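K.L.:
Quick one: the structure is below, questions incoming.
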Amino acid sequence: MDILFAHNKKEGIEFIERLKGKNPGFICVIGNTETAKISGISVAGANPEITDFTPAADCELLYFGECKCIPGVPITPDGIPTPGLITMSALNLADLSKLVVIGGVRVYPQIPYVEVGGSPGSDIRTGNAVKNVKEVIGRSIILGENLADYCDKLNYLVIGESIAGGTTTTLGVLSAMGIEGKGKVSSSMPINPHKLKQEIIEEGMKSANLEFGSCKDDPIKAIECLGDPMIPACAGLVLGAGKKIPILLAGGTQMTSILAVVKKINPKILKNLAIGTTRWIIEDEQSDIKGIVDQIETIPILAVNLDFNKLKAEGLKAYEKDIAKEGVGAGGSSIAAILKNENINTDTLLVEIEKNYEILMTKK
């Protein structure tokens, strides 16, 4: 089976039927947060400082098939390539349109993009993580509304993200809003640093004079204190476009913070939402995306059934060892490609991914 119904199968089948054969538009929302530079939090780069470059490099890869702001491609310290490789392969194979939205970055990609007025995020241990949250959500709502209105060739949106450290900031927003994410958010590492993440969140809460659930009815404050700049930009897009068209939230546990914020601001949007991720996320024994979603709203979780054990490249087989797992909309874009074209399946995706991997490694 190419697409797994990981959670709420009945609603998932109904959601997929709405999208089959339709034309999606892919959006990647990017941002930087100082939280990513805390030692032991992220492997989205060869060292903590390079995490500023990772989102920009990911997006350049989608447009050019190579990166401009860094040599080679974004890799882990062990040489495992970015999930953006999967996304690039899916977008190219299905000829999907794409757009990059900047929530707040230090390094800008050398591509066309839309900026919504955000700033890079601070270390959430300060309790003062993101500026201009309300304004960014407002601008992003306008952008989402316009994408739904004048892009009549697009029947739905697939919205992914690239921000190193994002599962930690997600845990912060969930905790501030009274949603239990402790031990449940995922990680790009084979060993999920849950204890470290929880210590960081608790320090940030103390700095912001918050307790678990203090921001239950105030998602803006939750993001301001403990979030990252991707979250308000992504949530605003969903709130704007989701009033008219379906949206596949392309990501792992980071998308649960978007879901929580959207529900609090406009719960009517939820009927138009599903999460699209990878098999590695739903099979991850060190996280629990289903358990988080169940605390927020019963929406479908779909997963692309990619099996990298079938591939020759060791750098790709590492995905089967709990490394990377998801990012840059890898799962959602793959699902969208399969739904758009009946000739595309996980086997054709694997061929395209391995081909592109070989090309990228020669440029590294």
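Scheme for the structure tokens: letters A, B, ... for chains in order shown; per-chain residue numbers from 1; ligand numbers from 1 in order shown.
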Step one, run DSSP on the backbone; step two, keep only residues of range 165-284 of chain A assigned to helix (DSSP H, G or I); then write them as a compact mmCIF listing (two decimals) with N, CA and C atoms, in the first residue's frame.

P.N.:
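File part.txt, as written:
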# COMPACT_ATOMS: atom_id res chain seq x y z
N GLY A 166 12.71 22.57 15.55
CA GLY A 166 11.26 22.81 15.56
C GLY A 166 10.45 21.88 16.44
N THR A 167 10.96 20.68 16.72
CA THR A 167 10.17 19.81 17.61
C THR A 167 10.25 20.29 19.06
N THR A 168 11.35 20.95 19.40
CA THR A 168 11.48 21.50 20.76
C THR A 168 10.55 22.69 20.95
N THR A 169 10.50 23.58 19.98
CA THR A 169 9.59 24.73 20.07
C THR A 169 8.13 24.27 20.00
N THR A 170 7.88 23.21 19.24
CA THR A 170 6.53 22.64 19.21
C THR A 170 6.13 22.15 20.60
N LEU A 171 7.05 21.46 21.26
CA LEU A 171 6.78 21.01 22.63
C LEU A 171 6.48 22.20 23.54
N GLY A 172 7.18 23.31 23.32
CA GLY A 172 6.94 24.50 24.12
C GLY A 172 5.54 25.05 23.93
N VAL A 173 5.11 25.17 22.68
CA VAL A 173 3.77 25.71 22.39
C VAL A 173 2.69 24.76 22.90
N LEU A 174 2.87 23.48 22.66
CA LEU A 174 1.89 22.50 23.16
C LEU A 174 1.77 22.57 24.68
N SER A 175 2.90 22.63 25.36
CA SER A 175 2.89 22.66 26.83
C SER A 175 2.21 23.91 27.34
N ALA A 176 2.53 25.05 26.75
CA ALA A 176 1.90 26.31 27.18
C ALA A 176 0.40 26.27 26.97
N HIS A 194 14.52 13.55 24.77
CA HIS A 194 13.32 14.03 25.44
C HIS A 194 13.63 14.78 26.74
N LYS A 195 14.57 14.25 27.53
CA LYS A 195 14.89 14.88 28.81
C LYS A 195 15.43 16.30 28.60
N LEU A 196 16.32 16.47 27.65
CA LEU A 196 16.88 17.78 27.35
C LEU A 196 15.79 18.74 26.88
N LYS A 197 14.92 18.26 25.99
CA LYS A 197 13.84 19.11 25.49
C LYS A 197 12.94 19.58 26.63
N GLN A 198 12.61 18.68 27.54
CA GLN A 198 11.75 19.03 28.65
C GLN A 198 12.42 20.04 29.58
N GLU A 199 13.70 19.88 29.80
CA GLU A 199 14.45 20.83 30.64
C GLU A 199 14.45 22.23 30.02
N ILE A 200 14.60 22.27 28.70
CA ILE A 200 14.59 23.55 27.99
C ILE A 200 13.23 24.22 28.11
N ILE A 201 12.17 23.43 27.92
CA ILE A 201 10.81 23.96 28.02
C ILE A 201 10.54 24.49 29.42
N GLU A 202 10.93 23.75 30.42
CA GLU A 202 10.68 24.16 31.80
C GLU A 202 11.43 25.45 32.14
N GLU A 203 12.65 25.58 31.60
CA GLU A 203 13.41 26.82 31.82
C GLU A 203 12.73 28.00 31.12
N GLY A 204 12.23 27.76 29.90
CA GLY A 204 11.53 28.82 29.18
C GLY A 204 10.24 29.23 29.87
N MET A 205 9.51 28.26 30.38
CA MET A 205 8.27 28.56 31.11
C MET A 205 8.55 29.38 32.36
N LYS A 206 9.60 29.00 33.05
CA LYS A 206 9.96 29.74 34.26
C LYS A 206 10.32 31.18 33.93
N SER A 207 11.08 31.36 32.85
CA SER A 207 11.47 32.72 32.42
C SER A 207 10.26 33.56 32.02
N ALA A 208 9.26 32.90 31.42
CA ALA A 208 8.05 33.61 30.96
C ALA A 208 6.97 33.66 32.03
N PRO A 219 -3.10 31.29 22.14
CA PRO A 219 -2.03 30.71 21.33
C PRO A 219 -0.98 31.73 20.91
N ILE A 220 -1.38 32.99 20.79
CA ILE A 220 -0.42 34.04 20.42
C ILE A 220 0.69 34.12 21.46
N LYS A 221 0.31 34.16 22.73
CA LYS A 221 1.30 34.25 23.80
C LYS A 221 2.14 32.99 23.88
N ALA A 222 1.51 31.84 23.63
CA ALA A 222 2.26 30.58 23.65
C ALA A 222 3.40 30.60 22.63
N ILE A 223 3.11 31.11 21.43
CA ILE A 223 4.14 31.21 20.38
C ILE A 223 5.17 32.27 20.76
N GLU A 224 4.71 33.41 21.24
CA GLU A 224 5.63 34.48 21.62
C GLU A 224 6.65 34.01 22.64
N CYS A 225 6.20 33.24 23.60
CA CYS A 225 7.08 32.84 24.70
C CYS A 225 7.92 31.61 24.38
N LEU A 226 7.35 30.62 23.69
CA LEU A 226 8.01 29.32 23.58
C LEU A 226 8.01 28.73 22.18
N MET A 230 8.32 29.88 12.33
CA MET A 230 7.58 29.08 11.34
C MET A 230 6.12 28.94 11.74
N ILE A 231 5.85 28.79 13.04
CA ILE A 231 4.52 28.44 13.51
C ILE A 231 3.47 29.50 13.16
N PRO A 232 3.68 30.80 13.44
CA PRO A 232 2.63 31.77 13.09
C PRO A 232 2.42 31.92 11.59
N ALA A 233 3.50 31.82 10.81
CA ALA A 233 3.36 31.94 9.35
C ALA A 233 2.57 30.76 8.80
N CYS A 234 2.89 29.58 9.26
CA CYS A 234 2.20 28.37 8.79
C CYS A 234 0.74 28.36 9.25
N ALA A 235 0.52 28.70 10.51
CA ALA A 235 -0.85 28.71 11.03
C ALA A 235 -1.70 29.73 10.28
N GLY A 236 -1.14 30.89 10.00
CA GLY A 236 -1.89 31.90 9.26
C GLY A 236 -2.27 31.44 7.87
N LEU A 237 -1.35 30.78 7.17
CA LEU A 237 -1.66 30.24 5.84
C LEU A 237 -2.82 29.26 5.91
N VAL A 238 -2.77 28.39 6.90
CA VAL A 238 -3.84 27.40 7.07
C VAL A 238 -5.17 28.10 7.37
N LEU A 239 -5.13 29.07 8.25
CA LEU A 239 -6.36 29.79 8.62
C LEU A 239 -6.95 30.55 7.44
N GLY A 240 -6.09 31.06 6.56
CA GLY A 240 -6.58 31.80 5.41
C GLY A 240 -7.09 30.90 4.30
N ALA A 241 -6.26 29.97 3.87
CA ALA A 241 -6.63 29.11 2.73
C ALA A 241 -7.64 28.03 3.13
N GLN A 254 5.70 18.39 14.47
CA GLN A 254 5.66 19.86 14.42
C GLN A 254 4.31 20.39 13.96
N MET A 255 3.62 19.62 13.12
CA MET A 255 2.33 20.07 12.62
C MET A 255 1.25 20.05 13.69
N THR A 256 1.50 19.37 14.81
CA THR A 256 0.50 19.38 15.88
C THR A 256 0.39 20.75 16.54
N SER A 257 1.49 21.51 16.57
CA SER A 257 1.41 22.86 17.13
C SER A 257 0.57 23.76 16.21
N ILE A 258 0.69 23.55 14.90
CA ILE A 258 -0.14 24.30 13.94
C ILE A 258 -1.61 23.94 14.17
N LEU A 259 -1.87 22.66 14.33
CA LEU A 259 -3.23 22.18 14.55
C LEU A 259 -3.83 22.81 15.81
N ALA A 260 -3.04 22.87 16.88
CA ALA A 260 -3.53 23.43 18.14
C ALA A 260 -3.84 24.92 18.02
N VAL A 261 -2.97 25.65 17.34
CA VAL A 261 -3.18 27.09 17.16
C VAL A 261 -4.40 27.35 16.28
N VAL A 262 -4.52 26.62 15.19
CA VAL A 262 -5.65 26.80 14.27
C VAL A 262 -6.97 26.49 14.96
N LYS A 263 -6.99 25.41 15.74
CA LYS A 263 -8.24 25.06 16.43
C LYS A 263 -8.69 26.17 17.37
N LYS A 264 -7.75 26.77 18.08
CA LYS A 264 -8.11 27.80 19.06
C LYS A 264 -8.61 29.08 18.36
N ILE A 265 -8.04 29.40 17.19
CA ILE A 265 -8.41 30.64 16.50
C ILE A 265 -9.66 30.46 15.64
N PRO A 267 -11.86 26.94 14.76
CA PRO A 267 -12.04 25.49 14.70
C PRO A 267 -12.78 25.00 13.45
N LYS A 268 -13.49 25.89 12.76
CA LYS A 268 -14.20 25.48 11.54
C LYS A 268 -13.24 25.00 10.46
N ILE A 269 -12.00 25.46 10.52
CA ILE A 269 -11.00 25.09 9.51
C ILE A 269 -10.66 23.60 9.58
N LEU A 270 -10.83 23.00 10.73
CA LEU A 270 -10.33 21.65 10.97
C LEU A 270 -10.91 20.61 10.01
N LYS A 271 -12.13 20.84 9.54
CA LYS A 271 -12.76 19.88 8.62
C LYS A 271 -12.02 19.81 7.29
N ASN A 272 -11.16 20.79 7.02
CA ASN A 272 -10.42 20.82 5.77
C ASN A 272 -8.96 20.39 5.94
N ARG A 279 6.21 7.09 6.86
CA ARG A 279 6.09 5.87 7.66
C ARG A 279 7.03 5.91 8.87
N TRP A 280 8.18 6.56 8.70
CA TRP A 280 9.16 6.60 9.80
C TRP A 280 8.63 7.34 11.02
N ILE A 281 7.78 8.33 10.79
CA ILE A 281 7.19 9.06 11.91
C ILE A 281 6.15 8.21 12.64
N ILE A 282 5.28 7.57 11.90
CA ILE A 282 4.20 6.84 12.57
C ILE A 282 4.70 5.54 13.22

K.L.:
Between A:Ala303, A:Lys134, A:Val328, A:Ser287, which residue has the minimum interatomic distance to Val100 in chain A, considering only C-alpha atoms?

P.N.:
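Residue with the minimum atom-to-atom distance to Val100 in chain A: A:Val328.
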
K.L.:
To one decimal in Å, tell me the separation between CA of Phe212 in chain A and CA of Gly178 in chain A.

P.N.:
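Between these atoms lies a distance of 5.5 Å.
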
K.L.:
Which residues are close to Thr277 in chain A, i.e. within 9 Å by only C-alpha atoms, leaving aside same-chain residues fewer than 5 positions away? Reply as a VMD selection string.

P.N.:
chain A and resid 249 to 252 282 301 to 304 326 to 327 329 to 335

K.L.:
Would you pick out the contacts of Asn132 in chain A at 7 Å or less, using only C-alpha atoms, so that residues sharing its chain but fewer than 3 positions from it are not included, and give the list as number ranges by chain?

P.N.:
A: 118, 135-136

K.L.:
In Å to one decimal, how far is CA of Cys215 in chain A from CA of Gly138 in chain A?

P.N.:
19.4 Å

K.L.:
Which of these, A:Lys290, A:Lys312, A:Lys9, A:Lys37, has the shortest distance to Lys355 in chain A once you count only C-alpha atoms?

P.N.:
A:Lys312

K.L.:
Could you jot down the CA of Ala337 in chain A to CA of Leu96 in chain A separation for me, Å, one decimal place?

P.N.:
7.6 Å

K.L.:
Run DSSP on the backbone and give me the residues of range 76-241 of chain A it puts in strand (DSSP E or B), as number ranges by chain.

P.N.:
A: 81, 97-104, 114-115, 121, 156-162

K.L.:
Quick one: everything within 7 Å of range 16-26 of chain A, counting only C-alpha atoms, minus sequence neighbours fewer than 2 positions away in the same chain. Send it as a ChimeraX atom specification.

P.N.:
/A:12-14,28,96-99,153-159,336,339-341

K.L.:
Keeping only N, CA and C atoms, write the selected residues as a short mmCIF file (atom, residue, chain, number, x, y, z; two decimals), in the first residue's frame.

P.N.:
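So again-v3.cif came out as:
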data_model
loop_
_atom_site.label_atom_id
_atom_site.label_comp_id
_atom_site.auth_asym_id
_atom_site.auth_seq_id
_atom_site.Cartn_x
_atom_site.Cartn_y
_atom_site.Cartn_z
N GLY A 12 -9.66 9.60 6.92
CA GLY A 12 -8.54 9.64 5.99
C GLY A 12 -8.93 9.20 4.59
N ILE A 13 -9.73 8.16 4.50
CA ILE A 13 -10.21 7.69 3.19
C ILE A 13 -11.05 8.77 2.53
N GLU A 14 -11.92 9.38 3.29
CA GLU A 14 -12.77 10.45 2.76
C GLU A 14 -11.94 11.63 2.29
N CYS A 28 6.46 25.62 1.28
CA CYS A 28 7.39 25.32 2.37
C CYS A 28 7.60 26.59 3.18
N LEU A 96 4.69 19.44 -9.60
CA LEU A 96 3.88 20.24 -8.67
C LEU A 96 4.45 21.65 -8.55
N SER A 97 3.57 22.65 -8.47
CA SER A 97 4.00 24.02 -8.26
C SER A 97 4.49 24.18 -6.82
N LYS A 98 5.36 25.17 -6.59
CA LYS A 98 5.92 25.35 -5.25
C LYS A 98 6.11 26.83 -4.94
N LEU A 99 6.08 27.11 -3.64
CA LEU A 99 6.25 28.48 -3.14
C LEU A 99 6.91 28.40 -1.78
N LYS A 153 -6.13 27.11 -10.46
CA LYS A 153 -5.60 25.84 -10.94
C LYS A 153 -5.26 24.91 -9.78
N LEU A 154 -5.17 25.47 -8.57
CA LEU A 154 -4.83 24.67 -7.39
C LEU A 154 -6.11 24.25 -6.67
N ASN A 155 -6.24 22.96 -6.43
CA ASN A 155 -7.42 22.46 -5.75
C ASN A 155 -7.22 22.29 -4.25
N TYR A 156 -5.96 22.16 -3.85
CA TYR A 156 -5.64 22.09 -2.42
C TYR A 156 -4.17 22.46 -2.22
N LEU A 157 -3.80 22.70 -0.97
CA LEU A 157 -2.43 23.06 -0.64
C LEU A 157 -1.79 21.98 0.21
N VAL A 158 -0.50 21.79 -0.02
CA VAL A 158 0.34 20.93 0.80
C VAL A 158 1.35 21.86 1.47
N ILE A 159 1.30 21.97 2.79
CA ILE A 159 2.14 22.95 3.49
C ILE A 159 3.13 22.22 4.40
N ALA A 336 0.93 13.71 -2.14
CA ALA A 336 0.29 14.54 -3.16
C ALA A 336 0.68 14.07 -4.56
N LEU A 339 -1.27 10.93 -5.36
CA LEU A 339 -2.69 11.19 -5.58
C LEU A 339 -2.94 11.92 -6.90
N LYS A 340 -1.97 12.71 -7.34
CA LYS A 340 -2.17 13.48 -8.57
C LYS A 340 -2.08 12.61 -9.81
N ASN A 341 -1.14 11.67 -9.80
CA ASN A 341 -0.85 10.90 -11.02
C ASN A 341 -0.88 9.42 -10.71
#

K.L.:
Here is a test: counting only C-alpha atoms, which residue of A:Ile353, A:Leu360, A:Ala313, A:Ile124 is nearest to Met88 in chain A?

P.N.:
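So, comparing all the options, the nearest one is A:Ile353.
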
K.L.:
Do a neighbour search on Lys321 in chain A at 10 Å with only C-alpha atoms, toss out local chain neighbours closer than 3 positions, and write the hits as a list in words.

P.N.:
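My reading of the contact set: Met189, Pro190, Trp280, Asp284, Asn309, Leu316, Lys317, Ala318, Ala324 and Lys325 of chain A.
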
K.L.:
So that I have them on file, write out the residues from the current selection with N, CA and C atoms, as a short mmCIF file (atom, residue, chain, number, x, y, z; two decimals), in the first residue's frame.

P.N.:
data_model
loop_
_atom_site.label_atom_id
_atom_site.label_comp_id
_atom_site.auth_asym_id
_atom_site.auth_seq_id
_atom_site.Cartn_x
_atom_site.Cartn_y
_atom_site.Cartn_z
N MET A 189 17.10 12.78 15.40
CA MET A 189 18.17 11.92 15.91
C MET A 189 17.68 10.49 16.15
N PRO A 190 18.58 9.53 16.11
CA PRO A 190 18.18 8.15 16.41
C PRO A 190 17.79 7.98 17.88
N TRP A 280 8.18 6.56 8.70
CA TRP A 280 9.16 6.60 9.80
C TRP A 280 8.63 7.34 11.02
N ASP A 284 7.72 5.42 14.63
CA ASP A 284 8.74 5.83 15.60
C ASP A 284 8.29 5.52 17.02
N ASN A 309 14.93 0.50 2.65
CA ASN A 309 15.69 -0.76 2.66
C ASN A 309 15.84 -1.33 1.26
N LEU A 316 20.86 6.68 2.29
CA LEU A 316 19.40 6.66 2.30
C LEU A 316 18.87 5.56 3.22
N LYS A 317 19.54 4.43 3.26
CA LYS A 317 19.11 3.35 4.15
C LYS A 317 19.11 3.77 5.62
N ALA A 318 19.90 4.80 5.94
CA ALA A 318 19.97 5.28 7.31
C ALA A 318 18.62 5.79 7.81
N ALA A 324 16.65 11.34 10.75
CA ALA A 324 15.94 12.33 9.90
C ALA A 324 14.42 12.15 9.97
N LYS A 325 13.90 11.12 9.34
CA LYS A 325 12.48 10.72 9.40
C LYS A 325 11.53 11.58 8.58
#

K.L.:
Skip Ile292 in chain A itself and residues of its chain fewer than 6 positions away, then list as a list in words all residues within 9 Å of it, counting only C-alpha atoms.

P.N.:
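That gives Leu174, Ile179, Glu180, Gly181, Lys184, Val185, Thr253 and Thr256 of chain A.
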
K.L.:
Could you write those residues out with C-alpha atoms, as a tab-separated table (two decimals), in the first residue's frame?

P.N.:
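again_18.tsv, freshly written:
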chain	number	residue	atom	x	y	z
A	174	LEU	CA	1.89	22.50	23.16
A	179	ILE	CA	-1.45	19.73	25.48
A	180	GLU	CA	0.78	16.94	26.73
A	181	GLY	CA	3.74	16.54	24.39
A	184	LYS	CA	5.77	12.49	22.40
A	185	VAL	CA	7.44	14.92	19.97
A	253	THR	CA	4.84	16.22	15.22
A	256	THR	CA	0.50	19.38	15.88

K.L.:
Hey, which of A:Asp217, A:Asp307, A:Asp149, A:Asp2 ends up closest to Ile344 in chain A? Count only C-alpha atoms.

P.N.:
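Checking each candidate against Ile344 in chain A, we get A:Asp2 as the closest.
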